Structures are given as structure tokens and as C-alpha cells.
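Visitor: Contents of protein36.cif (mmCIF, C-alpha atoms):
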data_protein
loop_
_atom_site.label_atom_id
_atom_site.label_comp_id
_atom_site.auth_asym_id
_atom_site.auth_seq_id
_atom_site.Cartn_x
_atom_site.Cartn_y
_atom_site.Cartn_z
CA MET A 10 121.96 63.67 47.03
CA VAL A 11 125.34 64.99 45.87
CA ASP A 12 127.71 62.39 44.45
CA ILE A 13 130.97 63.22 46.29
CA PHE A 14 133.19 61.30 43.88
CA GLN A 15 131.60 62.94 40.88
CA LYS A 16 132.09 66.37 42.46
CA LYS A 17 135.77 65.64 43.11
CA VAL A 18 136.23 64.62 39.48
CA LEU A 19 134.48 67.79 38.36
CA LEU A 20 136.74 69.99 40.49
CA LEU A 21 139.86 68.12 39.35
CA ALA A 22 138.99 68.51 35.67
CA LEU A 23 138.12 72.19 36.13
CA TYR A 24 141.37 72.84 37.96
CA ALA A 25 143.37 71.29 35.13
CA GLY A 26 141.47 73.41 32.61
CA GLU A 27 141.94 76.54 34.69
CA ILE A 28 145.72 76.10 34.86
CA MET A 29 145.91 75.59 31.11
CA MET A 30 143.64 78.53 30.31
CA LYS A 31 145.54 80.91 32.60
CA ASN A 32 148.79 80.00 30.88
CA GLY A 33 147.71 80.48 27.28
CA ALA A 34 146.45 77.08 26.10
CA GLU A 35 144.12 76.73 23.12
CA ILE A 36 140.41 76.19 23.77
CA TYR A 37 140.26 72.78 22.11
CA ARG A 38 143.19 71.59 24.24
CA VAL A 39 141.49 72.73 27.45
CA GLU A 40 138.17 71.10 26.54
CA ASP A 41 139.88 67.87 25.42
CA THR A 42 141.90 67.62 28.66
CA ILE A 43 138.78 68.14 30.82
CA THR A 44 136.86 65.53 28.82
CA ARG A 45 139.62 62.92 29.04
CA ILE A 46 140.01 63.34 32.80
CA CYS A 47 136.27 62.88 33.34
CA ARG A 48 136.05 59.83 31.09
CA ALA A 49 139.02 58.24 32.84
CA CYS A 50 136.88 58.29 36.01
CA GLY A 51 133.95 56.54 34.35
CA ILE A 52 131.92 59.67 33.61
CA ASN A 53 130.94 59.66 29.94
CA ASN A 54 128.12 62.22 29.79
CA ILE A 55 130.18 65.43 29.64
CA GLU A 56 129.47 68.87 28.24
CA VAL A 57 132.26 71.45 28.49
CA PHE A 58 132.37 74.94 27.04
CA ALA A 59 135.49 77.04 27.54
CA THR A 60 136.18 80.69 26.77
CA PRO A 61 139.20 82.85 27.65
CA THR A 62 137.29 84.17 30.68
CA GLY A 63 135.41 81.13 31.93
CA ILE A 64 134.86 77.36 31.83
CA PHE A 65 131.38 75.79 31.93
CA LEU A 66 131.27 72.11 32.83
CA SER A 67 128.26 69.84 33.18
CA LEU A 68 128.50 66.09 33.77
CA ASP A 69 126.80 62.94 35.04
CA LYS A 70 127.29 59.19 34.63
CA GLY A 71 124.50 58.88 32.10
CA GLY A 72 122.04 56.87 34.19
CA GLU A 73 118.35 57.74 34.41
CA ASP A 74 118.57 58.42 38.15
CA ASP A 75 121.89 60.30 38.07
CA ASP A 76 121.94 63.95 39.07
CA THR A 77 123.67 66.30 36.67
CA GLN A 78 126.28 68.53 38.28
CA THR A 79 127.16 71.86 36.69
CA TYR A 80 129.95 74.24 37.59
CA ILE A 81 131.10 77.59 36.23
CA LYS A 82 134.72 78.62 36.76
CA ARG A 83 135.63 82.26 36.22
CA ILE A 84 139.10 82.73 34.73
CA LYS A 85 140.85 85.87 35.95
CA GLY A 86 144.21 86.89 34.60
CA THR A 87 145.97 85.17 31.74
CA GLY A 88 149.57 84.88 30.71
CA THR A 89 151.91 82.60 28.80
CA ASN A 90 153.67 79.68 30.42
CA LEU A 91 154.12 76.81 27.98
CA ASP A 92 155.92 74.77 30.63
CA LYS A 93 152.81 74.56 32.83
CA ILE A 94 150.65 73.65 29.82
CA SER A 95 153.07 70.84 28.97
CA MET A 96 153.05 69.61 32.57
CA VAL A 97 149.24 69.48 32.68
CA ASN A 98 149.27 67.59 29.36
CA ARG A 99 151.67 65.03 30.84
CA PHE A 100 149.52 64.81 33.96
CA SER A 101 146.35 64.15 31.93
CA ARG A 102 148.07 61.35 29.98
CA LYS A 103 149.33 59.82 33.23
CA PHE A 104 145.92 60.16 34.88
CA THR A 105 144.10 58.45 32.02
CA THR A 106 146.56 55.56 31.65
CA THR A 107 147.35 54.71 35.29
CA SER A 108 145.43 54.10 38.53
CA LEU A 109 146.21 57.55 39.90
CA SER A 110 143.51 58.63 42.36
CA VAL A 111 141.54 61.88 42.16
CA ASP A 112 143.06 63.14 45.42
CA ASP A 113 146.60 62.40 44.21
CA GLY A 114 145.77 64.12 40.93
CA MET A 115 144.62 67.23 42.78
CA ARG A 116 147.88 67.34 44.73
CA ILE A 117 149.89 67.09 41.51
CA LEU A 118 147.90 69.90 39.91
CA LYS A 119 148.44 72.12 42.96
CA LYS A 120 152.19 71.59 42.66
CA ILE A 121 152.03 72.52 38.98
CA ASP A 122 149.95 75.62 39.70
CA GLU A 123 152.28 76.76 42.48
CA ARG A 124 155.41 76.16 40.43
CA LYS A 125 157.53 79.30 40.49
CA PRO A 126 158.82 80.89 37.27
CA TYR A 127 162.47 80.92 36.32
CA PRO A 128 164.70 83.08 38.58
CA LEU A 129 164.58 86.78 37.76
CA PRO A 130 168.27 87.03 36.73
CA LEU A 131 167.76 84.23 34.19
CA ARG A 132 164.63 85.91 32.81
CA LEU A 133 166.48 89.23 32.57
CA LEU A 134 169.25 87.51 30.63
CA GLY A 135 166.71 85.93 28.30
CA ALA A 136 164.99 89.27 27.67
CA ALA A 137 168.33 90.95 27.00
CA MET A 138 169.32 88.26 24.50
CA VAL A 139 165.97 88.49 22.72
CA ALA A 140 166.30 92.25 22.37
CA SER A 141 169.95 92.22 21.28
CA PHE A 142 169.70 89.42 18.72
CA PHE A 143 166.52 90.82 17.18
CA CYS A 144 168.40 94.10 16.96
CA LEU A 145 171.08 92.35 14.89
CA ALA A 146 168.42 90.64 12.76
CA PHE A 147 166.98 94.04 11.85
CA GLY A 148 170.30 95.49 10.74
CA GLY A 149 171.84 96.67 13.99
CA SER A 150 175.57 97.06 14.47
CA PRO A 151 177.64 95.47 17.27
CA LEU A 152 177.25 98.75 19.18
CA ASP A 153 173.47 98.62 18.71
CA PHE A 154 173.62 95.03 19.95
CA LEU A 155 175.17 96.15 23.25
CA ILE A 156 172.70 99.00 23.69
CA ALA A 157 169.75 96.71 22.93
CA PHE A 158 171.13 94.19 25.45
CA ALA A 159 171.05 96.86 28.16
CA SER A 160 167.70 98.22 26.98
CA GLY A 161 166.09 94.78 27.05
CA THR A 162 167.30 94.20 30.60
CA VAL A 163 165.99 97.55 31.84
CA CYS A 164 162.63 97.25 30.06
CA TYR A 165 161.94 93.73 31.30
CA ALA A 166 162.92 94.68 34.86
CA PHE A 167 160.54 97.65 34.62
CA SER A 168 157.78 95.32 33.40
CA VAL A 169 158.29 93.01 36.39
CA PHE A 170 158.17 96.04 38.70
CA LEU A 171 154.87 97.23 37.22
CA GLN A 172 153.40 93.72 37.37
CA LYS A 173 153.97 93.59 41.13
CA TYR A 174 151.54 96.48 41.50
CA GLY A 175 148.83 94.82 39.39
CA ILE A 176 149.28 97.05 36.33
CA ASN A 177 147.56 95.42 33.35
CA PHE A 178 149.54 94.28 30.34
CA PHE A 179 148.33 97.09 28.07
CA ILE A 180 149.72 99.81 30.34
CA ARG A 181 152.87 97.78 31.08
CA GLY A 182 153.53 97.35 27.38
CA PHE A 183 152.99 101.05 26.69
CA CYS A 184 155.31 102.16 29.50
CA CYS A 185 158.05 99.60 28.78
CA CYS A 186 158.15 100.41 25.06
CA ALA A 187 158.25 104.10 25.92
CA VAL A 188 161.29 103.43 28.11
CA ALA A 189 162.88 101.38 25.30
CA ALA A 190 162.36 104.21 22.81
CA PHE A 191 163.79 106.77 25.25
CA ILE A 192 166.92 104.66 25.86
CA ALA A 193 167.40 104.16 22.12
CA MET A 194 166.97 107.85 21.33
CA ALA A 195 169.26 108.94 24.15
CA ALA A 196 171.93 106.45 23.09
CA SER A 197 171.75 107.41 19.41
CA SER A 198 172.04 111.10 20.34
CA ALA A 199 174.99 110.51 22.64
CA VAL A 200 176.83 108.12 20.30
CA ALA A 201 176.83 109.01 16.61
CA ALA A 202 177.51 105.43 15.52
CA ALA A 203 174.37 104.10 17.23
CA SER A 204 171.09 103.71 15.30
CA TYR A 205 167.86 103.95 17.23
CA GLU A 206 165.60 101.97 14.84
CA PRO A 207 166.99 98.43 15.38
CA ILE A 208 167.43 99.10 19.10
CA ILE A 209 163.76 100.03 19.50
CA ILE A 210 162.59 97.09 17.38
CA GLY A 211 164.72 94.62 19.32
CA SER A 212 163.45 95.89 22.68
CA ILE A 213 159.82 95.86 21.58
CA MET A 214 160.07 92.24 20.43
CA ILE A 215 160.23 91.16 24.09
CA PHE A 216 156.61 92.23 24.56
CA VAL A 217 155.10 91.32 21.16
CA PRO A 218 152.18 88.88 21.81
CA GLY A 219 153.28 86.27 19.28
CA VAL A 220 151.99 83.29 21.28
CA ALA A 221 148.59 84.97 21.75
CA ILE A 222 148.26 85.60 18.01
CA THR A 223 149.23 82.01 17.20
CA THR A 224 146.75 80.67 19.77
CA ALA A 225 143.99 82.87 18.33
CA ILE A 226 144.62 81.48 14.84
CA ARG A 227 144.60 77.91 16.14
CA ASP A 228 141.29 78.60 17.88
CA PHE A 229 139.88 79.86 14.57
CA LEU A 230 141.09 76.75 12.75
CA SER A 231 139.53 74.45 15.35
CA GLY A 232 136.16 76.24 15.09
CA ASP A 233 136.28 78.20 18.36
CA MET A 234 135.33 81.51 16.78
CA LEU A 235 134.39 83.32 20.01
CA SER A 236 137.73 82.60 21.62
CA GLY A 237 139.61 83.32 18.41
CA VAL A 238 138.05 86.76 18.03
CA ALA A 239 138.56 87.61 21.72
CA ARG A 240 142.21 86.59 21.76
CA LEU A 241 143.00 88.18 18.42
CA MET A 242 141.49 91.49 19.53
CA GLU A 243 143.44 91.32 22.78
CA ALA A 244 146.67 90.68 20.88
CA LEU A 245 145.97 93.53 18.46
CA LEU A 246 145.24 95.96 21.29
CA ILE A 247 148.48 94.94 23.01
CA ALA A 248 150.37 95.50 19.74
CA VAL A 249 148.77 98.95 19.43
CA SER A 250 149.82 99.81 23.00
CA LEU A 251 153.41 98.79 22.24
CA ALA A 252 153.52 100.90 19.10
CA ALA A 253 151.88 103.83 20.89
CA GLY A 254 154.44 103.74 23.71
CA ALA A 255 157.36 103.98 21.29
CA GLY A 256 155.52 106.44 19.01
CA VAL A 257 154.78 108.90 21.80
CA ILE A 258 158.47 109.11 22.77
CA LEU A 259 159.56 109.51 19.14
CA LYS A 260 157.03 112.31 18.65
CA LEU A 261 158.02 114.08 21.86
CA TRP A 262 161.70 113.67 21.03
CA GLY A 263 161.19 115.36 17.67
CA THR A 264 158.97 118.06 19.18
CA ILE A 265 161.52 119.14 21.80
CA GLY A 266 164.27 119.27 19.19
CA GLY A 267 165.95 115.94 19.71
CA VAL A 268 168.37 114.70 17.08
CA PHE A 269 167.49 111.65 14.98
CA SER A 270 170.63 109.82 13.99
#
Any chance you could put this one into C-alpha cells?
Guide:
Amino acid sequence: MVDIFQKKVLLLALYAGEIMMKNGAEIYRVEDTITRICRACGINNIEVFATPTGIFLSLDKGGEDDDTQTYIKRIKGTGTNLDKISMVNRFSRKFTTTSLSVDDGMRILKKIDERKPYPLPLRLLGAAMVASFFCLAFGGSPLDFLIAFASGTVCYAFSVFLQKYGINFFIRGFCCCAVAAFIAMAASSAVAAASYEPIIIGSIMIFVPGVAITTAIRDFLSGDMLSGVARLMEALLIAVSLAAGAGVILKLWGTIGGVFS
């Protein structure tokens, strides 16, 4: 006979792990959160195995007559949202230290999962500032700063547009960096004082998978080799797509007789 309470705990713990995994959390953090939630409900016999594409959870109360329940959760689509990871961490601490019920916990997790990102204008401003200040850091002039500000805004808006149509991150990165390179080359050709190198670098920095690389290294250090290799390869392929997008435009620009300032 199925233990209803045990099943609810299993689904709650999996849901928490799913939210964290989809938003870029490390494997050890996901597994630890799932384990703590289950133990807070009096379930001590827990086996959890998480990968970037799935979570495997098996649990029972440890008695001789208890039925073991096993569930596999497929993870589709990943991104980076450190705010949601932090909120699930706070939820797990609250769940394990208070008398919060499983049903209330599920409602809280649904609110976290459905939480909308920052407004688009604010994200566009953030992208523009990232591009422009990285442009300055790599030797850009005040004029380059202004061009990179505009380039960052356009490239991020283009990325959001492509994401609405389900375009994967590799293609989005390629196309957006190609647009960034085109804007930089056009600006440097039209204005002699502009330099295309820092403008391109600043715009590309918006899409560099720095969090993914850091997470992959942390997975390696915690012994999760499978996840570390998978995430590191994903980050490297994304980096290659970014470089290829800018490189194709630079090559075409030189081929058709464009001027490099």
C-alpha cells in the first residue's frame, strides 16, 4: 500500500531539487537540500543521485515492513537564477527548523518557481552596463563606452527575442555575438575614434557562462565528476559559439573589404 505522506514528502523534496537544478545550483547543494527535507519529515533512509539532466530519489522510513518509493525526475532546460536558489535554501532551512507542513511547503515552492524575473527594462539596463563597463576595463574610450552601452542593449534584447521562440543558448549566443561584432565594426568604420576590439569584448561578456564554469569546478571539487564534466563541456561549447559568432563577422567584414580601425 502506498504511503501517502511519504509520497508527498518525496514530491516536495524533488520539486525543491528541480527548482535548484534548473537555476544553476551545484549538485551537492541539490542533494543536500533534498536529504534535509526528507529527514525533517522523519524519513532517514534516503538515496539521492542528481545530474544536470535528472534527479533519482529513493526513500523509506527504514522499517522492515516499509515499502521503498523511487522516483525519477527529468530536468529539461537550465539557466542561471541565483535568487531562486537562495530562496529555496531559505525555504529548506525554514522547513527543517519549524513545524511547516508538507502542503504549505509545496505552496511556497510553487510561488518560488513561478516568480517572474526582473522587468525587461531593468535587465536591458543591466546588460548595457555590463557591456559598457567591461569595454572600459579592456581599454575602451568614453566613445567606445557609449557604443558598447547601445550594443549591449541591442544584443540582450535580441537574445530575449530568440528565447521566446525556443532557440537554444548555443544558437542565441552565436547570433547575439555576431550582432555585437557587426555593430562594433560598423561603428568603428563610421567613427574613426571608435575601436571595435573593446566594444566586442564588452558585449560578449554579457553571454560568457562564468557561473556555469564556476559551478562545474565546484562539482569537481565536491567529487561529482559526471556533473562537472557535463557542465564544463557545456560551458566550453557555449564559449566556442560566442567566439564563432564574433569571428564569422570579423572574417566576412575583412573579406568584403571592410575597414579595421
Visitor: How would you write, as a PDB file with C-alpha atoms, in the coordinates of the input, the residues chosen by the PyMOL selection byres ((chain A and resi 150-161) around 7) on this structure?
Guide:
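For reference, selection_2.pdb as written:
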ATOM      1  CA  ALA A 136     164.990  89.270  27.670  1.00  0.00           C
ATOM      2  CA  ALA A 137     168.330  90.950  27.000  1.00  0.00           C
ATOM      3  CA  MET A 138     169.320  88.260  24.500  1.00  0.00           C
ATOM      4  CA  ALA A 140     166.300  92.250  22.370  1.00  0.00           C
ATOM      5  CA  SER A 141     169.950  92.220  21.280  1.00  0.00           C
ATOM      6  CA  PHE A 142     169.700  89.420  18.720  1.00  0.00           C
ATOM      7  CA  CYS A 144     168.400  94.100  16.960  1.00  0.00           C
ATOM      8  CA  LEU A 145     171.080  92.350  14.890  1.00  0.00           C
ATOM      9  CA  GLY A 148     170.300  95.490  10.740  1.00  0.00           C
ATOM     10  CA  GLY A 149     171.840  96.670  13.990  1.00  0.00           C
ATOM     11  CA  THR A 162     167.300  94.200  30.600  1.00  0.00           C
ATOM     12  CA  VAL A 163     165.990  97.550  31.840  1.00  0.00           C
ATOM     13  CA  CYS A 164     162.630  97.250  30.060  1.00  0.00           C
ATOM     14  CA  TYR A 165     161.940  93.730  31.300  1.00  0.00           C
ATOM     15  CA  ALA A 189     162.880 101.380  25.300  1.00  0.00           C
ATOM     16  CA  ILE A 192     166.920 104.660  25.860  1.00  0.00           C
ATOM     17  CA  ALA A 203     174.370 104.100  17.230  1.00  0.00           C
ATOM     18  CA  SER A 204     171.090 103.710  15.300  1.00  0.00           C
ATOM     19  CA  ILE A 208     167.430  99.100  19.100  1.00  0.00           C
ATOM     20  CA  GLY A 211     164.720  94.620  19.320  1.00  0.00           C
ATOM     21  CA  SER A 212     163.450  95.890  22.680  1.00  0.00           C
TER      22      SER A 212
END
Visitor: When distances are computed from only C-alpha atoms, which of A:Tyr37, A:Phe229, A:Phe191, A:Phe216 shows the smallest separation from A:Ile258?
Guide: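 For A:Ile258, the nearest of the given residues is A:Phe191.
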Visitor: Where does the PyMOL selection byres ((chain A and resi 190) around 10) land in this file, that is, which residues does it pick, as a PyMOL selection string?
Guide: chain A and resi 160+184-189+191-196+205-206+208-210+212-213+254-259+262
Visitor: How would the residues just picked look written out with C-alpha atoms as a compact mmCIF listing (two decimals), keeping the file's coordinate frame?
Guide:
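Final output, selection-v5.txt:
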# COMPACT_ATOMS: atom_id res chain seq x y z
CA SER A 160 167.70 98.22 26.98
CA CYS A 184 155.31 102.16 29.50
CA CYS A 185 158.05 99.60 28.78
CA CYS A 186 158.15 100.41 25.06
CA ALA A 187 158.25 104.10 25.92
CA VAL A 188 161.29 103.43 28.11
CA ALA A 189 162.88 101.38 25.30
CA PHE A 191 163.79 106.77 25.25
CA ILE A 192 166.92 104.66 25.86
CA ALA A 193 167.40 104.16 22.12
CA MET A 194 166.97 107.85 21.33
CA ALA A 195 169.26 108.94 24.15
CA ALA A 196 171.93 106.45 23.09
CA TYR A 205 167.86 103.95 17.23
CA GLU A 206 165.60 101.97 14.84
CA ILE A 208 167.43 99.10 19.10
CA ILE A 209 163.76 100.03 19.50
CA ILE A 210 162.59 97.09 17.38
CA SER A 212 163.45 95.89 22.68
CA ILE A 213 159.82 95.86 21.58
CA GLY A 254 154.44 103.74 23.71
CA ALA A 255 157.36 103.98 21.29
CA GLY A 256 155.52 106.44 19.01
CA VAL A 257 154.78 108.90 21.80
CA ILE A 258 158.47 109.11 22.77
CA LEU A 259 159.56 109.51 19.14
CA TRP A 262 161.70 113.67 21.03
Visitor: For stretch 118-134 of chain A, work out the shell of residues within 10 Å, counting only C-alpha atoms and skipping chain neighbours fewer than 6 positions away, then give it as a ChimeraX atom specification.
Guide: /A:21-22,24-25,27-29,31-32,90,92-94,96-97,100-101,112,140,158-159,161-166,169
Visitor: Which residue gives the smallest distance to A:Arg102 among A:Arg240, A:Arg45, A:Arg116, A:Lys85, with only C-alpha atoms counted?
Guide: A:Arg45
Visitor: Carefully work through the PyMOL selection byres ((chain A and resi 105) around 12) for this structure and note down the residues it includes, as a ChimeraX atom specification.
Guide: /A:22,42-51,98-104,106-111,114
Visitor: Next, dump the selected residues to file, keeping only C-alpha atoms, as a JSON list (two decimals), in the coordinates of the input.
Guide:
[["chain", "number", "residue", "atom", "x", "y", "z"],
["A", 22, "ALA", "CA", 138.99, 68.51, 35.67],
["A", 42, "THR", "CA", 141.90, 67.62, 28.66],
["A", 43, "ILE", "CA", 138.78, 68.14, 30.82],
["A", 44, "THR", "CA", 136.86, 65.53, 28.82],
["A", 45, "ARG", "CA", 139.62, 62.92, 29.04],
["A", 46, "ILE", "CA", 140.01, 63.34, 32.80],
["A", 47, "CYS", "CA", 136.27, 62.88, 33.34],
["A", 48, "ARG", "CA", 136.05, 59.83, 31.09],
["A", 49, "ALA", "CA", 139.02, 58.24, 32.84],
["A", 50, "CYS", "CA", 136.88, 58.29, 36.01],
["A", 51, "GLY", "CA", 133.95, 56.54, 34.35],
["A", 98, "ASN", "CA", 149.27, 67.59, 29.36],
["A", 99, "ARG", "CA", 151.67, 65.03, 30.84],
["A", 100, "PHE", "CA", 149.52, 64.81, 33.96],
["A", 101, "SER", "CA", 146.35, 64.15, 31.93],
["A", 102, "ARG", "CA", 148.07, 61.35, 29.98],
["A", 103, "LYS", "CA", 149.33, 59.82, 33.23],
["A", 104, "PHE", "CA", 145.92, 60.16, 34.88],
["A", 106, "THR", "CA", 146.56, 55.56, 31.65],
["A", 107, "THR", "CA", 147.35, 54.71, 35.29],
["A", 108, "SER", "CA", 145.43, 54.10, 38.53],
["A", 109, "LEU", "CA", 146.21, 57.55, 39.90],
["A", 110, "SER", "CA", 143.51, 58.63, 42.36],
["A", 111, "VAL", "CA", 141.54, 61.88, 42.16],
["A", 114, "GLY", "CA", 145.77, 64.12, 40.93]]
Visitor: For the atom pair atom CA of A:Ile180 and atom CA of A:Glu243, what is the interatomic distance in Å to one decimal place?
Guide: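 Computed distance, atom CA of A:Ile180 to atom CA of A:Glu243, equals 13.0 Å.
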Visitor: Name all residues at most 10 Å from A:Thr224 (count all atoms listed in the file; drop same-chain ones fewer than 4 positions away) and give them as a VMD selection string.
Guide: chain A and resid 33 to 36 219 to 220 228 to 230 236 to 237 240 to 241
Visitor: Can you pull out the residues contacting A:Met30? Cut-off 7 Å, using all atoms listed in the file, and skip same-chain residues under 4 positions away; I want them as a list in words.
Guide: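 That gives Gly26, Ala34, Val39 and Pro61 of chain A.
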Visitor: Hey, which of A:Phe58, A:Phe65, A:Phe143, A:Phe14 ends up closest to A:Asp233? Count all atoms listed in the file.
Guide: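 The shortest atom-to-atom distance to A:Asp233 comes from A:Phe58.
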Visitor: Which residue is closest to A:Thr60? Choose from A:Arg83, A:Lys16, A:Ile117, A:Ser231 and count only C-alpha atoms.
Guide: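 Smallest separation from A:Thr60 among the options: A:Arg83.
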Visitor: Just add N, CA and C atoms to stretch 86-100 of chain A and send it as a PDB file, in the frame of the given file.
Guide:
ATOM      1  N   GLY A  86     142.774  86.739  34.838  1.00  0.00           N
ATOM      2  CA  GLY A  86     144.210  86.890  34.600  1.00  0.00           C
ATOM      3  C   GLY A  86     144.762  85.783  33.732  1.00  0.00           C
ATOM      4  N   THR A  87     145.361  86.150  32.629  1.00  0.00           N
ATOM      5  CA  THR A  87     145.970  85.170  31.740  1.00  0.00           C
ATOM      6  C   THR A  87     147.404  85.590  31.433  1.00  0.00           C
ATOM      7  N   GLY A  88     148.189  84.621  31.075  1.00  0.00           N
ATOM      8  CA  GLY A  88     149.570  84.880  30.710  1.00  0.00           C
ATOM      9  C   GLY A  88     150.041  83.803  29.745  1.00  0.00           C
ATOM     10  N   THR A  89     151.336  83.624  29.675  1.00  0.00           N
ATOM     11  CA  THR A  89     151.910  82.600  28.800  1.00  0.00           C
ATOM     12  C   THR A  89     152.968  81.832  29.559  1.00  0.00           C
ATOM     13  N   ASN A  90     152.707  80.558  29.776  1.00  0.00           N
ATOM     14  CA  ASN A  90     153.670  79.680  30.420  1.00  0.00           C
ATOM     15  C   ASN A  90     153.512  78.293  29.794  1.00  0.00           C
ATOM     16  N   LEU A  91     154.252  78.066  28.720  1.00  0.00           N
ATOM     17  CA  LEU A  91     154.120  76.810  27.980  1.00  0.00           C
ATOM     18  C   LEU A  91     154.583  75.619  28.810  1.00  0.00           C
ATOM     19  N   ASP A  92     155.444  75.849  29.781  1.00  0.00           N
ATOM     20  CA  ASP A  92     155.920  74.770  30.630  1.00  0.00           C
ATOM     21  C   ASP A  92     154.780  74.186  31.456  1.00  0.00           C
ATOM     22  N   LYS A  93     153.947  75.046  32.035  1.00  0.00           N
ATOM     23  CA  LYS A  93     152.810  74.560  32.830  1.00  0.00           C
ATOM     24  C   LYS A  93     151.795  73.825  31.943  1.00  0.00           C
ATOM     25  N   ILE A  94     151.574  74.332  30.737  1.00  0.00           N
ATOM     26  CA  ILE A  94     150.650  73.650  29.820  1.00  0.00           C
ATOM     27  C   ILE A  94     151.171  72.255  29.511  1.00  0.00           C
ATOM     28  N   SER A  95     152.464  72.148  29.247  1.00  0.00           N
ATOM     29  CA  SER A  95     153.070  70.840  28.970  1.00  0.00           C
ATOM     30  C   SER A  95     152.959  69.910  30.162  1.00  0.00           C
ATOM     31  N   MET A  96     153.141  70.444  31.374  1.00  0.00           N
ATOM     32  CA  MET A  96     153.050  69.610  32.570  1.00  0.00           C
ATOM     33  C   MET A  96     151.636  69.105  32.800  1.00  0.00           C
ATOM     34  N   VAL A  97     150.629  69.940  32.540  1.00  0.00           N
ATOM     35  CA  VAL A  97     149.240  69.480  32.680  1.00  0.00           C
ATOM     36  C   VAL A  97     148.925  68.438  31.611  1.00  0.00           C
ATOM     37  N   ASN A  98     149.463  68.599  30.410  1.00  0.00           N
ATOM     38  CA  ASN A  98     149.270  67.590  29.360  1.00  0.00           C
ATOM     39  C   ASN A  98     149.843  66.249  29.793  1.00  0.00           C
ATOM     40  N   ARG A  99     151.049  66.281  30.365  1.00  0.00           N
ATOM     41  CA  ARG A  99     151.670  65.030  30.840  1.00  0.00           C
ATOM     42  C   ARG A  99     150.854  64.434  31.978  1.00  0.00           C
ATOM     43  N   PHE A 100     150.346  65.311  32.858  1.00  0.00           N
ATOM     44  CA  PHE A 100     149.520  64.810  33.960  1.00  0.00           C
ATOM     45  C   PHE A 100     148.262  64.127  33.437  1.00  0.00           C
TER      46      PHE A 100
END
